[in-house]
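J.: File my_file16.cif below, mmCIF, N, CA and C atoms:
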```
data_upload
#
loop_
_atom_site.label_atom_id
_atom_site.label_comp_id
_atom_site.auth_asym_id
_atom_site.auth_seq_id
_atom_site.Cartn_x
_atom_site.Cartn_y
_atom_site.Cartn_z
N MET P 1 115.45 85.09 90.16
CA MET P 1 115.97 83.99 89.38
C MET P 1 115.57 82.67 90.01
N ILE P 2 115.40 81.68 89.18
CA ILE P 2 115.08 80.35 89.66
C ILE P 2 116.33 79.49 89.54
N TYR P 3 116.74 78.93 90.65
CA TYR P 3 117.92 78.07 90.69
C TYR P 3 117.50 76.62 90.87
N ASN P 4 118.19 75.74 90.18
CA ASN P 4 118.04 74.30 90.41
C ASN P 4 119.02 73.91 91.50
N VAL P 5 118.66 72.91 92.29
CA VAL P 5 119.55 72.42 93.33
C VAL P 5 119.88 70.97 93.04
N VAL P 6 121.17 70.66 93.04
CA VAL P 6 121.65 69.30 92.88
C VAL P 6 122.42 68.96 94.15
N ILE P 7 122.06 67.83 94.75
CA ILE P 7 122.75 67.39 95.96
C ILE P 7 123.63 66.20 95.60
N SER P 8 124.91 66.33 95.85
CA SER P 8 125.86 65.28 95.49
C SER P 8 125.59 64.00 96.29
N THR P 9 126.06 62.90 95.75
CA THR P 9 125.93 61.62 96.44
C THR P 9 126.59 61.67 97.81
N LYS P 10 127.74 62.31 97.89
CA LYS P 10 128.46 62.43 99.16
C LYS P 10 127.64 63.22 100.18
N ALA P 11 127.04 64.33 99.74
CA ALA P 11 126.23 65.14 100.66
C ALA P 11 125.00 64.36 101.14
N LEU P 12 124.38 63.60 100.25
CA LEU P 12 123.23 62.79 100.66
C LEU P 12 123.64 61.73 101.67
N GLU P 13 124.80 61.13 101.45
CA GLU P 13 125.32 60.14 102.40
C GLU P 13 125.55 60.78 103.76
N GLU P 14 126.16 61.96 103.77
CA GLU P 14 126.41 62.67 105.02
C GLU P 14 125.08 63.03 105.72
N LEU P 15 124.10 63.45 104.93
CA LEU P 15 122.80 63.81 105.48
C LEU P 15 122.12 62.61 106.13
N TYR P 16 122.06 61.50 105.40
CA TYR P 16 121.36 60.32 105.92
C TYR P 16 122.11 59.67 107.08
N ASP P 17 123.43 59.66 107.03
CA ASP P 17 124.20 59.13 108.16
C ASP P 17 123.95 59.95 109.42
N SER P 18 123.92 61.26 109.27
CA SER P 18 123.67 62.13 110.42
C SER P 18 122.25 61.97 110.94
N ALA P 19 121.29 61.85 110.03
CA ALA P 19 119.89 61.66 110.43
C ALA P 19 119.73 60.35 111.20
N GLU P 20 120.39 59.30 110.74
CA GLU P 20 120.33 58.02 111.45
C GLU P 20 120.91 58.16 112.86
N TRP P 21 122.02 58.87 112.96
CA TRP P 21 122.64 59.07 114.27
C TRP P 21 121.68 59.82 115.20
N TYR P 22 121.08 60.91 114.70
CA TYR P 22 120.13 61.67 115.53
C TYR P 22 118.92 60.82 115.91
N ASN P 23 118.42 60.02 114.97
CA ASN P 23 117.28 59.14 115.29
C ASN P 23 117.65 58.10 116.35
N SER P 24 118.91 57.69 116.39
CA SER P 24 119.34 56.72 117.40
C SER P 24 119.39 57.36 118.79
N LYS P 25 119.49 58.66 118.83
CA LYS P 25 119.57 59.38 120.12
C LYS P 25 118.18 59.74 120.64
N LYS P 26 117.26 60.05 119.71
CA LYS P 26 115.90 60.43 120.10
C LYS P 26 114.98 60.18 118.91
N GLU P 27 113.86 59.56 119.17
CA GLU P 27 112.92 59.25 118.10
C GLU P 27 112.51 60.52 117.34
N ASN P 28 112.60 60.44 116.03
CA ASN P 28 112.22 61.50 115.09
C ASN P 28 113.18 62.69 115.06
N LEU P 29 114.23 62.69 115.86
CA LEU P 29 115.18 63.80 115.83
C LEU P 29 115.88 63.88 114.48
N GLY P 30 116.16 62.74 113.88
CA GLY P 30 116.78 62.72 112.56
C GLY P 30 115.90 63.36 111.50
N PHE P 31 114.60 63.16 111.63
CA PHE P 31 113.67 63.77 110.68
C PHE P 31 113.62 65.29 110.88
N GLU P 32 113.72 65.71 112.13
CA GLU P 32 113.80 67.14 112.41
C GLU P 32 115.08 67.74 111.82
N PHE P 33 116.16 66.98 111.92
CA PHE P 33 117.43 67.41 111.32
C PHE P 33 117.28 67.58 109.81
N ILE P 34 116.68 66.60 109.15
CA ILE P 34 116.49 66.69 107.69
C ILE P 34 115.64 67.90 107.34
N ASN P 35 114.59 68.16 108.12
CA ASN P 35 113.75 69.34 107.87
C ASN P 35 114.55 70.63 108.02
N GLU P 36 115.44 70.67 108.99
CA GLU P 36 116.29 71.86 109.19
C GLU P 36 117.23 72.07 108.00
N VAL P 37 117.82 70.98 107.52
CA VAL P 37 118.70 71.07 106.35
C VAL P 37 117.89 71.52 105.13
N ASP P 38 116.69 70.97 104.96
CA ASP P 38 115.84 71.38 103.84
C ASP P 38 115.51 72.87 103.90
N SER P 39 115.23 73.37 105.10
CA SER P 39 114.93 74.79 105.27
C SER P 39 116.12 75.66 104.89
N THR P 40 117.30 75.22 105.30
CA THR P 40 118.51 75.97 104.96
C THR P 40 118.77 75.94 103.46
N ILE P 41 118.54 74.80 102.83
CA ILE P 41 118.71 74.70 101.38
C ILE P 41 117.70 75.61 100.67
N ASP P 42 116.49 75.73 101.21
CA ASP P 42 115.50 76.66 100.63
C ASP P 42 116.01 78.10 100.68
N ILE P 43 116.67 78.47 101.78
CA ILE P 43 117.25 79.81 101.89
C ILE P 43 118.36 79.98 100.86
N ILE P 44 119.21 78.98 100.74
CA ILE P 44 120.28 79.02 99.74
C ILE P 44 119.68 79.19 98.35
N LYS P 45 118.65 78.42 98.05
CA LYS P 45 118.01 78.46 96.72
C LYS P 45 117.41 79.84 96.43
N THR P 46 116.83 80.46 97.45
CA THR P 46 116.22 81.77 97.28
C THR P 46 117.25 82.87 97.08
N ASN P 47 118.36 82.77 97.81
CA ASN P 47 119.39 83.80 97.73
C ASN P 47 120.77 83.17 97.88
N PRO P 48 121.29 82.53 96.83
CA PRO P 48 122.55 81.79 96.95
C PRO P 48 123.77 82.65 97.24
N LEU P 49 123.70 83.94 96.96
CA LEU P 49 124.84 84.81 97.21
C LEU P 49 124.86 85.35 98.63
N LEU P 50 123.87 84.98 99.43
CA LEU P 50 123.77 85.44 100.81
C LEU P 50 124.94 84.99 101.66
N PHE P 51 125.46 83.81 101.38
CA PHE P 51 126.51 83.23 102.21
C PHE P 51 127.89 83.44 101.57
N ALA P 52 128.88 83.60 102.42
CA ALA P 52 130.22 83.98 101.98
C ALA P 52 130.97 82.82 101.34
N ASN P 53 131.88 83.18 100.43
CA ASN P 53 132.84 82.20 99.92
C ASN P 53 133.80 81.86 101.05
N VAL P 54 134.05 80.57 101.23
CA VAL P 54 134.96 80.16 102.29
C VAL P 54 136.22 79.49 101.75
N TYR P 55 136.15 79.02 100.53
CA TYR P 55 137.31 78.35 99.93
C TYR P 55 137.08 78.31 98.43
N GLY P 56 137.90 79.05 97.68
CA GLY P 56 137.69 79.10 96.23
C GLY P 56 136.29 79.59 95.94
N ASN P 57 135.54 78.82 95.16
CA ASN P 57 134.17 79.22 94.84
C ASN P 57 133.14 78.50 95.72
N PHE P 58 133.61 77.84 96.79
CA PHE P 58 132.70 77.17 97.72
C PHE P 58 132.14 78.19 98.70
N ARG P 59 130.85 78.10 98.91
CA ARG P 59 130.16 78.92 99.91
C ARG P 59 129.69 78.00 101.04
N MET P 60 129.43 78.59 102.21
CA MET P 60 129.01 77.79 103.35
C MET P 60 127.83 78.46 104.03
N ALA P 61 126.78 77.67 104.26
CA ALA P 61 125.63 78.11 105.03
C ALA P 61 125.56 77.27 106.30
N LEU P 62 125.19 77.89 107.39
CA LEU P 62 125.03 77.18 108.66
C LEU P 62 123.55 76.92 108.90
N THR P 63 123.25 75.72 109.43
CA THR P 63 121.88 75.46 109.85
C THR P 63 121.67 76.14 111.20
N ASN P 64 120.42 76.40 111.54
CA ASN P 64 120.14 77.12 112.79
C ASN P 64 120.16 76.21 114.01
N ARG P 65 119.41 75.14 113.98
CA ARG P 65 119.22 74.33 115.17
C ARG P 65 120.33 73.31 115.40
N PHE P 66 120.85 72.76 114.34
CA PHE P 66 121.88 71.73 114.43
C PHE P 66 123.21 72.33 113.96
N PRO P 67 124.32 71.87 114.54
CA PRO P 67 125.62 72.47 114.19
C PRO P 67 126.20 71.89 112.89
N PHE P 68 125.56 72.22 111.78
CA PHE P 68 125.99 71.71 110.48
C PHE P 68 126.26 72.83 109.51
N GLU P 69 127.22 72.56 108.64
CA GLU P 69 127.62 73.48 107.58
C GLU P 69 127.26 72.84 106.24
N ILE P 70 126.67 73.62 105.37
CA ILE P 70 126.33 73.14 104.04
C ILE P 70 127.25 73.86 103.06
N PHE P 71 128.09 73.09 102.37
CA PHE P 71 129.03 73.64 101.41
C PHE P 71 128.46 73.47 100.01
N TYR P 72 128.47 74.56 99.25
CA TYR P 72 127.87 74.52 97.92
C TYR P 72 128.60 75.45 96.97
N THR P 73 128.38 75.21 95.69
CA THR P 73 128.87 76.08 94.64
C THR P 73 127.69 76.49 93.76
N ILE P 74 127.90 77.55 93.00
CA ILE P 74 126.88 78.03 92.08
C ILE P 74 127.48 77.97 90.68
N ASP P 75 126.78 77.32 89.77
CA ASP P 75 127.21 77.22 88.38
C ASP P 75 126.04 77.63 87.51
N ASN P 76 126.09 78.86 86.99
CA ASN P 76 124.97 79.45 86.25
C ASN P 76 123.74 79.45 87.14
N TYR P 77 122.72 78.70 86.81
CA TYR P 77 121.49 78.67 87.60
C TYR P 77 121.35 77.35 88.36
N THR P 78 122.47 76.71 88.63
CA THR P 78 122.46 75.45 89.38
C THR P 78 123.30 75.61 90.64
N ILE P 79 122.69 75.24 91.75
CA ILE P 79 123.39 75.20 93.03
C ILE P 79 123.74 73.74 93.29
N VAL P 80 125.02 73.47 93.52
CA VAL P 80 125.45 72.11 93.80
C VAL P 80 125.84 72.03 95.27
N ILE P 81 125.11 71.19 96.01
CA ILE P 81 125.43 70.95 97.42
C ILE P 81 126.48 69.83 97.44
N HIS P 82 127.67 70.16 97.93
CA HIS P 82 128.77 69.20 97.93
C HIS P 82 128.89 68.43 99.24
N HIS P 83 128.66 69.13 100.36
CA HIS P 83 128.82 68.50 101.68
C HIS P 83 127.81 69.07 102.65
N ILE P 84 127.37 68.21 103.55
CA ILE P 84 126.57 68.59 104.71
C ILE P 84 127.36 68.05 105.89
N PHE P 85 128.06 68.95 106.55
CA PHE P 85 129.19 68.61 107.39
C PHE P 85 128.97 69.09 108.82
N HIS P 86 129.18 68.22 109.82
CA HIS P 86 129.06 68.64 111.21
C HIS P 86 130.17 69.64 111.52
N ALA P 87 129.83 70.70 112.20
CA ALA P 87 130.77 71.80 112.45
C ALA P 87 131.95 71.41 113.33
N SER P 88 131.84 70.32 114.08
CA SER P 88 132.95 69.93 114.94
C SER P 88 134.03 69.15 114.20
N ARG P 89 133.73 68.74 112.97
CA ARG P 89 134.72 67.97 112.20
C ARG P 89 135.79 68.91 111.65
N ASN P 90 136.94 68.33 111.36
CA ASN P 90 138.06 69.10 110.83
C ASN P 90 137.66 69.70 109.48
N PRO P 91 137.72 71.02 109.34
CA PRO P 91 137.29 71.65 108.09
C PRO P 91 138.15 71.26 106.88
N GLU P 92 139.33 70.77 107.11
CA GLU P 92 140.17 70.32 105.99
C GLU P 92 139.59 69.08 105.32
N ASN P 93 138.79 68.29 106.05
CA ASN P 93 138.24 67.06 105.49
C ASN P 93 137.27 67.30 104.36
N TRP P 94 136.47 68.37 104.41
CA TRP P 94 135.49 68.57 103.35
C TRP P 94 136.14 68.95 102.03
N LYS P 95 137.36 69.42 102.07
CA LYS P 95 138.05 69.80 100.84
C LYS P 95 138.53 68.60 100.05
N LYS P 96 138.53 67.43 100.66
CA LYS P 96 139.05 66.24 100.01
C LYS P 96 138.04 65.64 99.07
#
```
Would you kindly transcribe this structure into structure tokens?
T.:
Amino acid sequence: MIYNVVISTKALEELYDSAEWYNSKKENLGFEFINEVDSTIDIIKTNPLLFANVYGNFRMALTNRFPFEIFYTIDNYTIVIHHIFHASRNPENWKK
């Protein structure tokens, strides 16, 4: 099946804020972070049922290199990325 991916405004904000932070720590590290998130989203797109439901119909995928969680839902053939969340943050915050 071919799935479309939609990334919410909030998730994009979280992605770019985190990339900026990583770039401030080391040149190009933020770009490496974005590439890692893109790779994880490609895995989600290929097999969206691979990752477990963690809250209602929300699923969570972990990135490999960086400690981030990608929260998404599946609606027919559309995957909606709701949050790209650092794993050290309070998990209750992403539900808001």
J.: Written as a list in words, what is the full residue list that the PyMOL selection byres ((chain P and resi 11) around 8) yields on the file shown?
T.: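 What the PyMOL selection byres ((chain P and resi 11) around 8) grabs from the file is Ile7, Ser8, Thr9, Lys10, Leu12, Glu13, Glu14, Leu15, Tyr16, Asp17, Ile81, His82, His83, Ile84 and Phe85 of chain P.
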J.: Compile the contact shell of P:Ile74 as JSON, numbers by chain: residues with an atom at most 8 Å away, counting only N, CA and C atoms, same-chain residues fewer than 6 positions apart removed.
T.: {"P": [48, 57, 58, 59, 80, 81]}
J.: Name the residues of stretch 22-87 of chain P that fall into strand (DSSP E or B) according to DSSP on the backbone, using the chain letters and numbers of this document, as number ranges by chain.
T.: P: 53-55, 58-62, 68-75, 78-86
J.: Compare P:Tyr55, P:Lys45, P:Met60, P:Gly30 by their minimum atom-to-atom distance to P:Ile79, counting only N, CA and C atoms, and give me the closest one.
T.: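 Closest to P:Ile79, using only N, CA and C atoms: P:Lys45.
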J.: Which residues match the PyMOL selection byres (((chain P and resi 32 and name CA) around 12) and name CA) in the file above, as a count of residues only?
T.: 23
J.: What residues in chain P get the DSSP label helix (DSSP H, G or I)? Please answer as a count of residues only.
T.: 41
J.: Using atom CA of P:Ala87 and atom C of P:Phe71 as the two end points, give the distance in Å to one decimal.
T.: 12.8 Å
J.: For the atom pair atom CA of P:Trp21 and atom CA of P:Ile70, what is the interatomic distance in Å to one decimal place?
T.: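 Atom CA of P:Ile70 lies at a distance of 17.8 Å from atom CA of P:Trp21.
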J.: Within 6.5 Å of P:His86, counting all atoms listed in the file, which residues show up once you throw out same-chain ones fewer than 4 positions away? Write them as a PyMOL selection string, please.
T.: chain P and resi 67-69
J.: If you apply the PyMOL selection byres ((chain P and resi 4) around 6.5) to this file, what residues do you get, as a list in words?
T.: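 So the PyMOL selection byres ((chain P and resi 4) around 6.5), applied here, picks out Ile2, Tyr3, Val5, Val6, Tyr77, Thr78, Ile79 and Val80 of chain P.
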J.: Any idea what the distance is between atom CA of P:Asn76 and atom N of P:Phe51?
T.: 15.8 Å
